$ cat model05.cif   # mmCIF, C-alpha atoms and all ligand atoms
data_final
#
loop_
_atom_site.label_atom_id
_atom_site.label_comp_id
_atom_site.auth_asym_id
_atom_site.auth_seq_id
_atom_site.Cartn_x
_atom_site.Cartn_y
_atom_site.Cartn_z
CA MET K 243 3.42 4.45 17.73
CA ARG K 244 2.89 8.18 17.38
CA LEU K 245 -0.37 10.02 17.99
CA LEU K 246 -0.42 10.73 14.26
CA THR K 247 -1.11 7.04 13.77
CA HIS K 248 -3.37 6.73 16.79
CA ASN K 249 -5.57 9.45 15.37
CA MET K 250 -6.04 7.46 12.16
CA LEU K 251 -6.62 4.02 13.65
CA SER K 252 -9.97 2.64 14.61
CA SER K 253 -11.14 -0.66 15.94
CA ASN K 254 -11.35 -3.08 13.02
CA ILE K 255 -13.91 -5.37 14.59
CA LYS K 256 -16.44 -4.75 11.86
CA GLY K 257 -19.64 -5.20 13.80
CA VAL K 258 -18.47 -2.14 15.70
CA VAL K 259 -20.01 1.15 14.58
CA ASN K 260 -18.04 3.58 16.73
CA GLY K 261 -14.55 2.13 16.73
CA PHE K 262 -12.91 5.53 17.05
CA PRO K 263 -11.09 6.78 18.99
CA LEU K 264 -9.29 3.92 20.62
CA ARG K 265 -8.68 4.79 24.26
CA ILE K 266 -5.03 4.82 25.23
CA GLU K 267 -3.72 3.01 28.28
CA ALA K 268 -0.14 4.22 28.55
CA GLU K 269 2.45 2.32 30.54
CA LYS K 270 5.52 3.68 28.84
CA VAL K 271 5.87 6.74 26.64
CA ALA K 272 8.99 7.77 24.75
CA GLU K 273 9.96 11.08 23.18
CA LYS K 274 11.96 11.45 20.01
CA SER K 275 12.53 14.85 18.52
CA VAL K 276 12.04 15.31 14.81
CA GLU K 277 12.22 18.30 12.54
CA MET K 278 9.08 20.38 12.18
CA ASN K 279 7.38 20.83 8.83
CA ARG K 280 4.74 23.56 8.91
CA GLU K 281 3.13 22.64 5.64
CA PHE K 282 2.66 19.07 6.78
CA LEU K 283 1.18 20.22 10.08
CA LYS K 284 -1.25 22.49 8.28
CA LYS K 285 -2.40 19.63 6.06
CA MET K 286 -2.67 17.28 9.01
CA PHE K 287 -4.64 19.80 11.03
CA GLN K 288 -7.51 19.34 8.59
CA LYS K 289 -7.45 15.60 9.13
CA VAL K 290 -6.82 15.27 12.81
CA HIS K 291 -9.82 14.63 15.01
CA TRP K 292 -9.01 17.26 17.60
CA LYS K 293 -10.88 15.96 20.62
CA ALA K 294 -9.49 12.48 20.18
CA PHE K 295 -6.05 14.01 19.77
CA VAL K 296 -6.27 16.06 22.96
CA ASP K 297 -7.56 13.10 24.96
CA ALA K 298 -4.83 10.88 23.57
CA SER K 299 -2.11 13.39 24.39
CA ARG K 300 -3.40 13.62 27.97
CA ALA K 301 -3.38 9.86 28.29
CA MET K 302 0.27 10.09 27.29
CA GLY K 303 0.91 12.68 29.99
CA TYR K 304 1.05 15.75 27.74
CA THR K 305 -1.37 18.48 28.77
CA GLU K 306 -0.30 21.50 26.73
CA LEU K 307 -2.83 21.23 23.89
CA PRO K 308 -5.84 23.57 23.90
CA GLU K 309 -9.22 21.93 24.35
CA LYS K 310 -10.47 23.51 21.13
CA ALA K 311 -8.51 24.53 18.08
CA ASP K 312 -9.29 26.25 14.81
CA SER K 313 -7.19 26.88 11.75
CA SER K 314 -6.40 30.50 12.71
CA MET K 315 -4.17 29.06 15.45
CA LEU K 316 -1.87 27.65 12.79
CA ASN K 317 -0.34 31.13 12.58
CA SER K 318 0.98 30.81 16.10
CA ASP K 319 4.42 29.27 16.48
CA GLU K 320 3.64 28.26 20.00
CA PHE K 321 0.61 26.33 18.87
CA LEU K 322 2.48 24.71 15.98
CA ASN K 323 5.26 23.60 18.31
CA ARG K 324 2.82 21.91 20.64
CA PHE K 325 0.85 20.36 17.82
CA HIS K 326 4.08 19.08 16.27
CA HIS K 327 5.34 17.68 19.55
CA ALA K 328 2.14 15.82 20.38
CA LEU K 329 1.55 14.56 16.85
CA LEU K 330 5.03 13.36 15.93
CA GLU K 331 7.36 13.24 18.91
CA LEU K 332 5.44 11.29 21.53
CA HIS K 333 5.54 7.52 21.12
CA LEU K 334 3.36 5.04 22.93
CA GLU K 335 5.84 2.26 23.69
CA GLU K 336 3.98 -0.04 26.08
CA GLY K 337 0.31 -0.16 26.98
CA ALA K 338 -2.89 -0.83 25.13
CA LEU K 339 -5.51 0.59 22.81
CA VAL K 340 -9.07 -0.08 23.93
CA CYS K 341 -12.02 -0.33 21.57
CA PRO K 342 -14.52 2.32 22.73
CA GLU K 343 -17.51 0.15 21.91
CA THR K 344 -16.59 -3.37 22.96
CA GLY K 345 -13.85 -2.65 25.47
CA ARG K 346 -11.57 -5.09 23.68
CA ARG K 347 -7.93 -4.38 24.45
CA PHE K 348 -5.32 -4.31 21.72
CA PRO K 349 -1.96 -4.60 23.47
CA VAL K 350 0.93 -2.34 22.47
CA ASN K 351 4.41 -3.81 22.83
CA LYS K 352 7.64 -2.16 21.79
CA GLY K 353 5.56 0.54 20.17
CA ILE K 354 3.61 -1.89 17.98
CA PRO K 355 -0.14 -2.26 18.52
CA ASN K 356 -1.39 -5.78 17.96
CA MET K 357 -4.63 -5.38 15.99
CA LEU K 358 -4.95 -9.06 15.04
CA LEU K 359 -8.41 -10.43 15.66
CA PRO K 360 -9.16 -14.02 16.52
CA GLN K 361 -11.21 -15.80 13.90
CA GLU K 362 -14.58 -15.55 15.69
CA GLU K 363 -14.45 -11.76 15.66
CA VAL K 364 -13.70 -11.77 11.94
CA LEU K 365 -16.42 -14.27 11.12
CA LEU K 366 -18.93 -12.18 12.95
CA SER K 367 -17.93 -9.19 10.87
CA ILE K 368 -18.23 -11.03 7.59
CA ILE K 369 -21.75 -12.14 8.39
CA ILE K 370 -22.69 -8.58 9.25
CA CYS K 371 -21.20 -6.82 6.22
CA MET G 133 13.86 -21.04 -8.18
CA ALA G 134 12.47 -22.34 -4.94
CA SER G 135 8.74 -22.86 -4.68
CA ARG G 136 6.57 -19.87 -3.91
CA PRO G 137 6.64 -18.99 -0.21
CA GLU G 138 2.85 -18.55 -0.18
CA VAL G 139 2.34 -22.26 -0.71
CA VAL G 140 4.86 -23.27 1.95
CA ALA G 141 3.15 -21.83 5.01
CA PRO G 142 0.94 -18.95 6.20
CA PRO G 143 2.84 -15.63 6.23
CA GLU G 144 3.02 -15.28 10.01
CA ILE G 145 4.61 -18.75 10.16
CA PHE G 146 6.76 -18.50 7.04
CA TYR G 147 8.26 -15.16 8.10
CA ASP G 148 9.58 -16.33 11.47
CA ASP G 149 12.61 -14.83 13.21
CA SER G 150 15.17 -16.59 11.10
CA GLU G 151 13.43 -16.04 7.77
CA ALA G 152 12.83 -12.36 8.65
CA ARG G 153 16.53 -11.91 9.34
CA LYS G 154 17.58 -13.84 6.27
CA TYR G 155 15.20 -11.83 4.10
CA THR G 156 16.47 -8.49 5.33
CA SER G 157 20.17 -9.29 5.30
CA SER G 158 20.21 -10.41 1.68
CA SER G 159 21.66 -7.51 -0.26
CA ARG G 160 19.99 -8.84 -3.38
CA ILE G 161 16.55 -8.67 -1.77
CA VAL G 162 17.25 -5.26 -0.26
CA GLN G 163 18.16 -4.01 -3.72
CA ILE G 164 15.15 -5.54 -5.46
CA GLN G 165 12.65 -4.31 -2.88
CA ALA G 166 14.11 -0.80 -3.04
CA THR G 167 13.78 -0.72 -6.82
CA LEU G 168 10.22 -2.02 -6.69
CA SER G 169 9.28 0.49 -4.00
CA GLU G 170 10.75 3.40 -5.91
CA ARG G 171 8.76 2.41 -8.95
CA ALA G 172 5.60 2.04 -6.86
CA LEU G 173 6.14 5.48 -5.38
CA GLU G 174 6.56 6.89 -8.86
CA LEU G 175 3.31 5.26 -9.95
CA LEU G 176 1.54 6.76 -6.91
CA ALA G 177 1.97 10.09 -8.71
CA LEU G 178 1.65 12.13 -5.54
CA PRO G 179 1.08 15.86 -6.00
CA ASP G 180 4.36 17.56 -6.68
CA ASP G 181 4.05 20.17 -3.92
CA GLY G 182 6.92 19.20 -1.65
CA ILE G 183 4.59 18.59 1.29
CA PRO G 184 5.13 15.26 3.08
CA LYS G 185 2.22 12.85 2.72
CA LEU G 186 0.68 10.28 5.04
CA LEU G 187 1.01 6.90 3.34
CA LEU G 188 0.28 3.26 4.11
CA ASP G 189 2.69 0.41 3.47
CA ILE G 190 0.66 -2.78 3.44
CA GLY G 191 2.65 -5.91 4.22
CA CYS G 192 5.52 -3.62 5.21
CA GLY G 193 7.68 -6.47 6.52
CA SER G 194 11.04 -5.35 7.86
CA GLY G 195 10.61 -1.87 6.40
CA LEU G 196 12.57 -2.20 3.17
CA SER G 197 9.71 -0.70 1.18
CA GLY G 198 8.87 1.92 3.80
CA GLU G 199 12.39 3.22 3.76
CA THR G 200 11.84 4.42 0.21
CA LEU G 201 8.87 6.44 1.45
CA THR G 202 10.97 7.95 4.24
CA GLU G 203 13.71 8.87 1.81
CA ASP G 204 11.16 10.81 -0.18
CA GLY G 205 10.18 12.65 2.99
CA HIS G 206 6.82 11.01 3.70
CA HIS G 207 5.26 9.70 6.87
CA TRP G 208 3.98 6.15 6.73
CA ILE G 209 2.10 3.55 8.70
CA GLY G 210 3.16 -0.02 8.02
CA LEU G 211 0.93 -3.02 8.53
CA ASP G 212 2.21 -6.59 8.68
CA ILE G 213 1.01 -9.93 9.98
CA SER G 214 4.46 -11.19 10.93
CA ALA G 215 5.73 -10.07 14.35
CA SER G 216 9.20 -11.30 13.39
CA MET G 217 9.35 -9.07 10.32
CA LEU G 218 8.17 -6.09 12.38
CA ASN G 219 10.83 -6.83 15.01
CA VAL G 220 13.50 -6.59 12.36
CA ALA G 221 11.92 -3.30 11.26
CA LEU G 222 12.25 -2.06 14.86
CA GLU G 223 15.89 -3.09 15.00
CA ARG G 224 16.52 -1.20 11.80
CA GLU G 225 14.89 1.86 13.37
CA VAL G 226 12.54 2.57 10.51
CA GLU G 227 10.76 5.91 10.70
CA GLY G 228 7.25 4.65 10.03
CA ASP G 229 4.81 3.50 12.69
CA LEU G 230 4.26 -0.24 12.70
CA VAL G 231 1.02 -2.11 13.26
CA LEU G 232 0.67 -5.86 13.69
CA GLY G 233 -2.41 -6.83 11.73
CA ASP G 234 -3.90 -8.96 8.99
CA MET G 235 -4.91 -7.05 5.86
CA GLY G 236 -7.42 -9.82 5.15
CA GLN G 237 -9.32 -8.75 8.26
CA GLY G 238 -9.74 -5.27 6.82
CA LEU G 239 -7.79 -2.14 7.77
CA GLY G 240 -8.96 -0.32 10.84
CA VAL G 241 -8.29 3.18 9.57
CA ARG G 242 -10.55 6.22 9.67
CA PRO G 243 -12.26 7.20 6.39
CA GLY G 244 -10.55 9.52 3.92
CA VAL G 245 -7.37 10.29 5.85
CA ILE G 246 -4.68 8.48 3.85
CA ASP G 247 -2.91 10.16 0.92
CA GLY G 248 -1.76 6.98 -0.79
CA ALA G 249 -0.82 3.34 -0.23
CA ILE G 250 1.84 1.02 -1.51
CA SER G 251 2.18 -2.71 -1.05
CA ILE G 252 5.26 -4.50 -2.27
CA SER G 253 5.28 -8.27 -2.84
CA ALA G 254 2.52 -8.94 -0.33
CA VAL G 255 -1.03 -9.06 -1.68
CA GLN G 256 -0.64 -12.42 -3.43
CA TRP G 257 -0.61 -13.90 0.08
CA LEU G 258 -4.31 -13.12 0.36
CA CYS G 259 -5.12 -15.57 -2.41
CA ASN G 260 -4.33 -18.50 -0.17
CA ALA G 261 -6.69 -20.06 2.33
CA ASP G 262 -4.36 -20.71 5.26
CA LYS G 263 -7.05 -21.56 7.76
CA SER G 264 -10.25 -23.49 7.27
CA SER G 265 -12.15 -20.32 8.03
CA HIS G 266 -10.24 -18.41 5.36
CA ASN G 267 -12.00 -17.53 2.17
CA PRO G 268 -9.68 -15.65 -0.20
CA ARG G 269 -12.55 -13.88 -1.90
CA LEU G 270 -13.94 -12.53 1.37
CA ARG G 271 -10.51 -11.59 2.65
CA LEU G 272 -9.69 -9.70 -0.53
CA LYS G 273 -13.05 -7.99 -0.30
CA ALA G 274 -12.53 -6.98 3.32
CA PHE G 275 -9.09 -5.65 2.44
CA PHE G 276 -9.94 -3.62 -0.67
CA THR G 277 -13.19 -2.26 0.76
CA SER G 278 -11.45 -0.98 3.87
CA LEU G 279 -8.57 0.41 1.82
CA TYR G 280 -10.97 2.26 -0.45
CA LYS G 281 -12.64 3.85 2.55
CA CYS G 282 -9.51 5.13 4.22
CA LEU G 283 -7.98 6.72 1.12
CA SER G 284 -8.68 10.36 0.43
CA ASN G 285 -10.49 11.28 -2.75
CA GLY G 286 -8.28 10.88 -5.80
CA ALA G 287 -5.59 9.02 -3.86
CA ARG G 288 -3.90 6.03 -5.41
CA ALA G 289 -2.84 2.63 -4.18
CA VAL G 290 -0.03 0.80 -5.97
CA PHE G 291 0.56 -2.88 -5.48
CA GLN G 292 3.50 -4.81 -6.79
CA VAL G 293 2.25 -8.36 -6.91
CA TYR G 294 3.43 -11.79 -7.91
CA PRO G 295 0.21 -13.49 -8.93
CA GLU G 296 0.71 -17.19 -9.32
CA ASN G 297 -1.39 -17.31 -12.48
CA ILE G 298 -4.01 -15.45 -14.47
CA ASP G 299 -6.80 -16.60 -12.18
CA GLN G 300 -5.11 -15.08 -9.18
CA ARG G 301 -4.54 -11.79 -10.94
CA GLU G 302 -8.18 -11.78 -11.96
CA LEU G 303 -9.26 -12.54 -8.41
CA ILE G 304 -7.26 -9.62 -7.03
CA LEU G 305 -8.29 -7.21 -9.76
CA ASN G 306 -11.97 -8.08 -9.45
CA ALA G 307 -11.93 -7.55 -5.71
CA ALA G 308 -10.36 -4.14 -6.24
CA MET G 309 -12.88 -3.11 -8.89
CA HIS G 310 -15.77 -4.31 -6.74
CA ALA G 311 -14.56 -2.15 -3.90
CA GLY G 312 -14.92 0.85 -6.23
CA PHE G 313 -11.37 1.34 -7.44
CA ALA G 314 -10.56 2.34 -11.01
CA GLY G 315 -7.27 1.51 -12.63
CA GLY G 316 -5.39 -1.39 -14.06
CA ILE G 317 -2.14 -3.26 -14.34
CA VAL G 318 1.17 -1.77 -15.40
CA VAL G 319 3.72 -4.29 -16.61
CA ASP G 320 7.40 -3.39 -16.59
CA PHE G 321 9.73 -5.42 -18.80
CA PRO G 322 6.88 -7.61 -20.11
CA HIS G 323 9.15 -9.59 -22.40
CA SER G 324 11.74 -10.58 -19.86
CA SER G 325 10.71 -13.48 -17.66
CA LYS G 326 13.28 -12.46 -15.06
CA ARG G 327 12.68 -8.71 -14.89
CA ARG G 328 8.97 -8.74 -15.60
CA LYS G 329 7.18 -6.92 -12.81
CA GLU G 330 3.49 -6.24 -12.36
CA PHE G 331 2.01 -3.26 -10.62
CA LEU G 332 -1.65 -2.90 -9.89
CA VAL G 333 -2.36 0.83 -9.98
CA LEU G 334 -5.66 1.79 -8.38
CA THR G 335 -7.36 5.14 -8.01
CA CYS G 336 -9.94 5.99 -5.42
CA GLY G 337 -12.81 8.25 -6.44
CA GLN G 338 -12.59 11.33 -8.65
CA ARG G 339 -9.49 11.42 -10.81
CA SER G 340 -10.46 10.09 -14.20
CA VAL G 341 -9.57 6.59 -15.19
CA ASN G 342 -7.64 7.90 -18.13
CA SER G 343 -5.15 9.88 -16.17
CA SER G 344 -4.92 7.12 -13.63
CA VAL G 345 -3.10 4.46 -15.56
CA SER G 346 0.53 4.65 -16.44
CA LYS G 347 2.88 2.99 -18.85
CA GLY G 348 5.06 0.02 -18.23
CA LYS G 349 8.77 0.03 -18.93
CA ASN G 350 10.70 -2.10 -21.34
CA GLU G 351 14.35 -3.07 -21.41
CA ASP G 352 15.57 0.34 -22.51
CA GLY G 353 13.73 1.97 -19.65
CA GLU G 354 11.41 3.50 -22.24
CA SER G 355 7.68 3.41 -21.96
CA CYS G 356 6.18 0.58 -23.87
CA SER G 357 2.80 -0.86 -24.42
CA ASP G 358 1.78 -4.38 -23.81
CA GLU G 359 -1.71 -3.73 -24.97
CA ASP G 360 -2.32 -6.88 -26.96
CA SER G 361 -1.55 -9.35 -24.27
CA GLU G 362 -3.18 -7.29 -21.54
CA ASP G 363 -6.35 -6.64 -23.48
CA GLU G 364 -7.20 -10.22 -24.04
CA GLU G 365 -6.70 -10.99 -20.38
CA ASN G 366 -8.76 -8.24 -18.93
CA GLN G 367 -10.69 -5.45 -20.48
CA THR G 368 -10.42 -3.19 -17.44
CA VAL G 369 -6.75 -2.80 -18.14
CA CYS G 370 -6.17 0.33 -20.09
CA ILE G 371 -2.77 1.73 -20.76
CA SER G 372 -2.58 5.37 -21.56
CA ASP G 373 -0.92 8.70 -21.01
CA ARG G 374 2.53 7.91 -22.27
CA HIS G 375 4.44 10.85 -20.91
CA ARG G 376 3.21 11.51 -17.44
CA PRO G 377 5.23 9.34 -15.10
CA ARG G 378 8.50 10.00 -16.90
CA LYS G 379 8.39 13.67 -16.05
CA LYS G 380 8.56 13.10 -12.36
CA GLN G 381 11.60 10.93 -12.59
CA LYS G 382 13.50 13.54 -14.57
CA ARG G 383 12.82 16.13 -11.96
CA ASN G 384 14.19 13.87 -9.26
CA ASN G 385 17.37 13.30 -11.16
CA LYS G 386 17.94 16.95 -11.80
CA ASN G 387 17.45 18.24 -8.31
CA GLY G 388 19.18 15.36 -6.61
CA LYS G 389 18.17 14.46 -3.10
CA GLY G 390 19.79 17.39 -1.31
CA LYS G 391 22.27 17.74 1.49
CA GLU G 392 19.78 17.11 4.26
CA TRP G 393 18.75 13.80 2.75
CA ILE G 394 22.34 12.70 2.33
CA LEU G 395 23.20 13.56 5.92
CA ARG G 396 20.17 11.69 7.18
CA LYS G 397 21.02 8.69 5.04
CA LYS G 398 24.65 8.69 6.21
CA GLU G 399 23.54 8.84 9.81
CA GLN G 400 21.23 5.90 9.16
CA MET G 401 24.06 3.87 7.63
CA ARG G 402 26.34 4.72 10.56
CA ARG G 403 23.73 3.50 13.01
CA ARG G 404 23.68 0.26 11.10
CA GLY G 405 27.41 0.01 11.63
CA ASN G 406 28.53 0.71 8.08
CA ALA G 407 31.68 2.62 7.29
CA VAL G 408 30.56 6.05 6.08
CA PRO G 409 32.80 8.97 5.06
CA SER G 410 32.63 11.81 7.55
CA ASP G 411 30.53 14.87 6.72
CA SER G 412 32.24 17.94 5.35
CA LYS G 413 31.35 21.18 3.63
CA TYR G 414 31.50 19.23 0.38
CA THR G 415 28.82 16.76 1.43
CA GLY G 416 25.90 16.98 -0.98
CA ARG G 417 27.25 20.08 -2.72
CA LYS G 418 26.02 21.05 -6.16
CA ARG G 419 27.97 19.43 -8.93
CA LYS G 420 28.47 20.71 -12.45
CA ASP G 421 26.33 19.14 -15.11
CA ARG G 422 28.38 16.74 -17.09
CA PHE G 423 28.24 13.24 -18.43
C1 LIG Q 501 7.94 -10.45 0.53
S1 LIG Q 501 7.54 -9.61 2.03
C2 LIG Q 501 7.65 -7.92 1.52
C3 LIG Q 501 7.93 -6.98 2.67
C4 LIG Q 501 8.16 -5.52 2.30
N1 LIG Q 501 6.99 -4.95 1.63
C5 LIG Q 501 9.37 -5.40 1.39
O1 LIG Q 501 9.24 -4.86 0.28
O2 LIG Q 501 10.44 -5.83 1.78
C6 LIG Q 501 5.80 -9.90 2.18
C7 LIG Q 501 5.21 -9.43 3.50
O3 LIG Q 501 3.79 -9.50 3.46
C8 LIG Q 501 3.33 -9.83 4.74
N2 LIG Q 501 1.96 -10.37 4.69
C9 LIG Q 501 1.54 -11.50 4.09
N3 LIG Q 501 0.22 -11.68 4.29
C10 LIG Q 501 -0.20 -10.62 5.03
C11 LIG Q 501 -1.47 -10.25 5.58
N4 LIG Q 501 -2.54 -11.01 5.41
N5 LIG Q 501 -1.54 -9.10 6.28
C12 LIG Q 501 -0.44 -8.32 6.47
N6 LIG Q 501 0.77 -8.64 5.99
C13 LIG Q 501 0.90 -9.77 5.29
C14 LIG Q 501 4.35 -10.85 5.21
O4 LIG Q 501 4.33 -11.03 6.61
C15 LIG Q 501 5.64 -10.26 4.69
O5 LIG Q 501 6.27 -9.45 5.65
#
$ encode --input "model05.cif" --output "structure tokens"
Amino acid sequence: MRLLTHNMLSSNIKGVVNGFPLRIEAEKVAEKSVEMNREFLKKMFQKVHWKAFVDASRAMGYTELPEKADSSMLNSDEFLNRFHHALLELHLEEGALVCPETGRRFPVNKGIPNMLLPQEEVLLSIIIC
Amino acid sequence: MASRPEVVAPPEIFYDDSEARKYTSSSRIVQIQATLSERALELLALPDDGIPKLLLDIGCGSGLSGETLTEDGHHWIGLDISASMLNVALEREVEGDLVLGDMGQGLGVRPGVIDGAISISAVQWLCNADKSSHNPRLRLKAFFTSLYKCLSNGARAVFQVYPENIDQRELILNAAMHAGFAGGIVVDFPHSSKRRKEFLVLTCGQRSVNSSVSKGKNEDGESCSDEDSEDEENQTVCISDRHRPRKKQKRNNKNGKGKEWILRKKEQMRRRGNAVPSDSKYTGRKRKDRF
């Protein structure tokens, strides 16, 4: 799973109000280089939750992203390279995603997070919503 | 034809290791799913700006449908309830990110971030109550409500579905409308029992209902209207805007897929162990127009 996806996922236990961002526990991280597309990065920059993204990249062992970012930085190649690398080239292979509100762990195996909820958690959510 | 898989067992049981492998190694299925996915992508009517989009593939299985999205240059996140299907997707090295999850439990995706969603041959599974605690109506509601939230304004979701009967189609459509979607059903080849395919085309938010529904296809590949039969079944189905979706297809044919795409595709086939001609300066070159 790439950080692109991590940045979009939230805890789907529906009683939970602040299910984002899921905290990353990384046991194994892989890197896979892919071609850069500036236009895509510029579009994604508007969507990415930057703080969550920086924290996630650190949890994956990548510390080159600036704490704060604004759209003027998209003119810098250096920035784009880093953004690209963290967003699309780092893969969480083994570890877990942790719900920030309940602490529930969603295990990640072979790059696939298991977001399945046992029935009780779902029932609870249906009563609430 | 064998009985419908949905009535045999719950999806995570039905699609076990051996079924997942069987499904993905059938060249007939591979072909059908690719055709359905291409049509779904066409019906998504993504902006024609050449910028890759972030899409969802719901019930992505072994990645047959997602591959179509990759070929068109998009990024995708695939959700499926069957670990075995996702394992096959891993083996096939699909480009999308995979998530093990149950769409009936609602999608855990941030609001407004997704540019479009497809779902090929999967949503009819939600109409079954596989566990005593399952209520199809609530599961459909959880699914469509969460989907509506995560789509960006004006984005579409296209579902190819095999409803078992009119009631099931109604159940699905109602859940979608309740969640706030506009749209309707597009039927391709309505008069052929074999080729007949249904697509539920939904739009989130702004774009007007009129521009949001597309035409079905008939045997000649021409647009056709199935208004009579659709109208009596459901009044929310409106079929309009004859010419729109055709345009996009023409453009694709004219420009071809390009050298880069061909090289990528060849590499993919090589990885899968297929015999592929080696690359040369002629690979993907422009060819003269002729018939
Ligand atoms: C016929 S396969 C289609 C797979 C893929 N879309 C394709 O075109 O090849 C249907 C898929 O839907 C998945 N599915 C069924 N119910 C589901 C649910 N509640 N949540 C997520 N996926 C589900 C199944 O596991 C299966 O992989």
$ closest_atom_pairs --input "model05.cif" --of "chain K" --to "ligand LIG 501 (chain Q)" --cutoff "12 Å" --atoms "all atoms listed in the file" --output "CSV"
residue,atom,partner,partner_atom,distance
K:Asn356,CA,Q:LIG501,C12,11.8
K:Met357,CA,Q:LIG501,C12,10.8
K:Leu358,CA,Q:LIG501,N5,9.4
K:Leu359,CA,Q:LIG501,N5,11.7
$ closest_residue --input "model05.cif" --among "G:Ile209, G:Leu201, G:Val226, G:Leu332" --to "chain K" --atoms "only C-alpha atoms"
G:Ile209
$ axis_aligned_box --input "model05.cif" --around "region 182-197 of chain G" --padding-each-side "4 Å" --output "AutoDock Vina command-line options"
--center_x 6.4 --center_y 6.4 --center_z 3.1 --size_x 20.3 --size_y 33.7 --size_z 17.5
$ residues_around --input "model05.cif" --residues "Ile190 (chain G)" --least-positions-apart "4" --cutoff "12 Å" --atoms "all atoms listed in the file" --output "ChimeraX atom specification"
/G:169,194-198,208-214,228-236,238-239,248-258,275-276,279,289-293
$ write_last_selection --input "model05.cif" --atoms "C-alpha atoms" --output "short mmCIF file (atom, residue, chain, number, x, y, z; two decimals), in the coordinates of the input"
data_model
loop_
_atom_site.label_atom_id
_atom_site.label_comp_id
_atom_site.auth_asym_id
_atom_site.auth_seq_id
_atom_site.Cartn_x
_atom_site.Cartn_y
_atom_site.Cartn_z
CA SER G 169 9.28 0.49 -4.00
CA SER G 194 11.04 -5.35 7.86
CA GLY G 195 10.61 -1.87 6.40
CA LEU G 196 12.57 -2.20 3.17
CA SER G 197 9.71 -0.70 1.18
CA GLY G 198 8.87 1.92 3.80
CA TRP G 208 3.98 6.15 6.73
CA ILE G 209 2.10 3.55 8.70
CA GLY G 210 3.16 -0.02 8.02
CA LEU G 211 0.93 -3.02 8.53
CA ASP G 212 2.21 -6.59 8.68
CA ILE G 213 1.01 -9.93 9.98
CA SER G 214 4.46 -11.19 10.93
CA GLY G 228 7.25 4.65 10.03
CA ASP G 229 4.81 3.50 12.69
CA LEU G 230 4.26 -0.24 12.70
CA VAL G 231 1.02 -2.11 13.26
CA LEU G 232 0.67 -5.86 13.69
CA GLY G 233 -2.41 -6.83 11.73
CA ASP G 234 -3.90 -8.96 8.99
CA MET G 235 -4.91 -7.05 5.86
CA GLY G 236 -7.42 -9.82 5.15
CA GLY G 238 -9.74 -5.27 6.82
CA LEU G 239 -7.79 -2.14 7.77
CA GLY G 248 -1.76 6.98 -0.79
CA ALA G 249 -0.82 3.34 -0.23
CA ILE G 250 1.84 1.02 -1.51
CA SER G 251 2.18 -2.71 -1.05
CA ILE G 252 5.26 -4.50 -2.27
CA SER G 253 5.28 -8.27 -2.84
CA ALA G 254 2.52 -8.94 -0.33
CA VAL G 255 -1.03 -9.06 -1.68
CA GLN G 256 -0.64 -12.42 -3.43
CA TRP G 257 -0.61 -13.90 0.08
CA LEU G 258 -4.31 -13.12 0.36
CA PHE G 275 -9.09 -5.65 2.44
CA PHE G 276 -9.94 -3.62 -0.67
CA LEU G 279 -8.57 0.41 1.82
CA ALA G 289 -2.84 2.63 -4.18
CA VAL G 290 -0.03 0.80 -5.97
CA PHE G 291 0.56 -2.88 -5.48
CA GLN G 292 3.50 -4.81 -6.79
CA VAL G 293 2.25 -8.36 -6.91
#
$ residues_around --input "model05.cif" --residues "region 179-187 of chain G" --least-positions-apart "5" --cutoff "12 Å" --atoms "all atoms listed in the file" --output "ChimeraX atom specification"
/K:246-247,250,278-286,289-290 /G:173-174,192,197-211,228-229,241,244-251,279,282-284,286-290,377,379-381,383-384
$ residues_around --input "model05.cif" --residues "Ser157 (chain G)" --least-positions-apart "5" --cutoff "12 Å" --atoms "only C-alpha atoms" --output "VMD selection string"
chain G and resid 150 to 152 162 to 163 194 196 217 220 to 221 224 404
$ residues_around --input "model05.cif" --residues "Pro360 (chain K)" --least-positions-apart "6" --cutoff "12 Å" --atoms "only C-alpha atoms" --output "ChimeraX atom specification"
/K:254-255,346,348,366-367 /G:233-234,237,263,265
$ closest_residue --input "model05.cif" --among "G:Gln400, G:Asn350, G:Asn297, G:Asn267" --to "chain K" --atoms "only C-alpha atoms"
G:Asn267
$ atom_distance --input "model05.cif" --atom1 "CA of Glu269 (chain K)" --atom2 "CA of Met302 (chain K)"
8.7 Å
$ residues_near_point --input "model05.cif" --point "(0.4, 8.7, 17.3)" --cutoff "12 Å" --atoms "all atoms listed in the file" --output "PyMOL selection string"
(chain K and resi 243-251+263-264+266+271-273+290+294-299+301-302+325-335+339+353-355) or (chain G and resi 207-209+228-231)
$ residues_around --input "model05.cif" --residues "region 325-330 of chain G" --least-positions-apart "4" --cutoff "9 Å" --atoms "only C-alpha atoms" --output "MDAnalysis selection string"
chainID G and resid 168 291:295 317:321 348 350:351
$ residues_near_point --input "model05.cif" --point "(29.5, 17.6, 0.8)" --cutoff "12 Å" --atoms "all atoms listed in the file" --output "PyMOL selection string"
chain G and resi 390-395+398+409-419
$ atom_distance --input "model05.cif" --atom1 "CA of Gly337 (chain K)" --atom2 "CA of Gly261 (chain K)"
18.2 Å
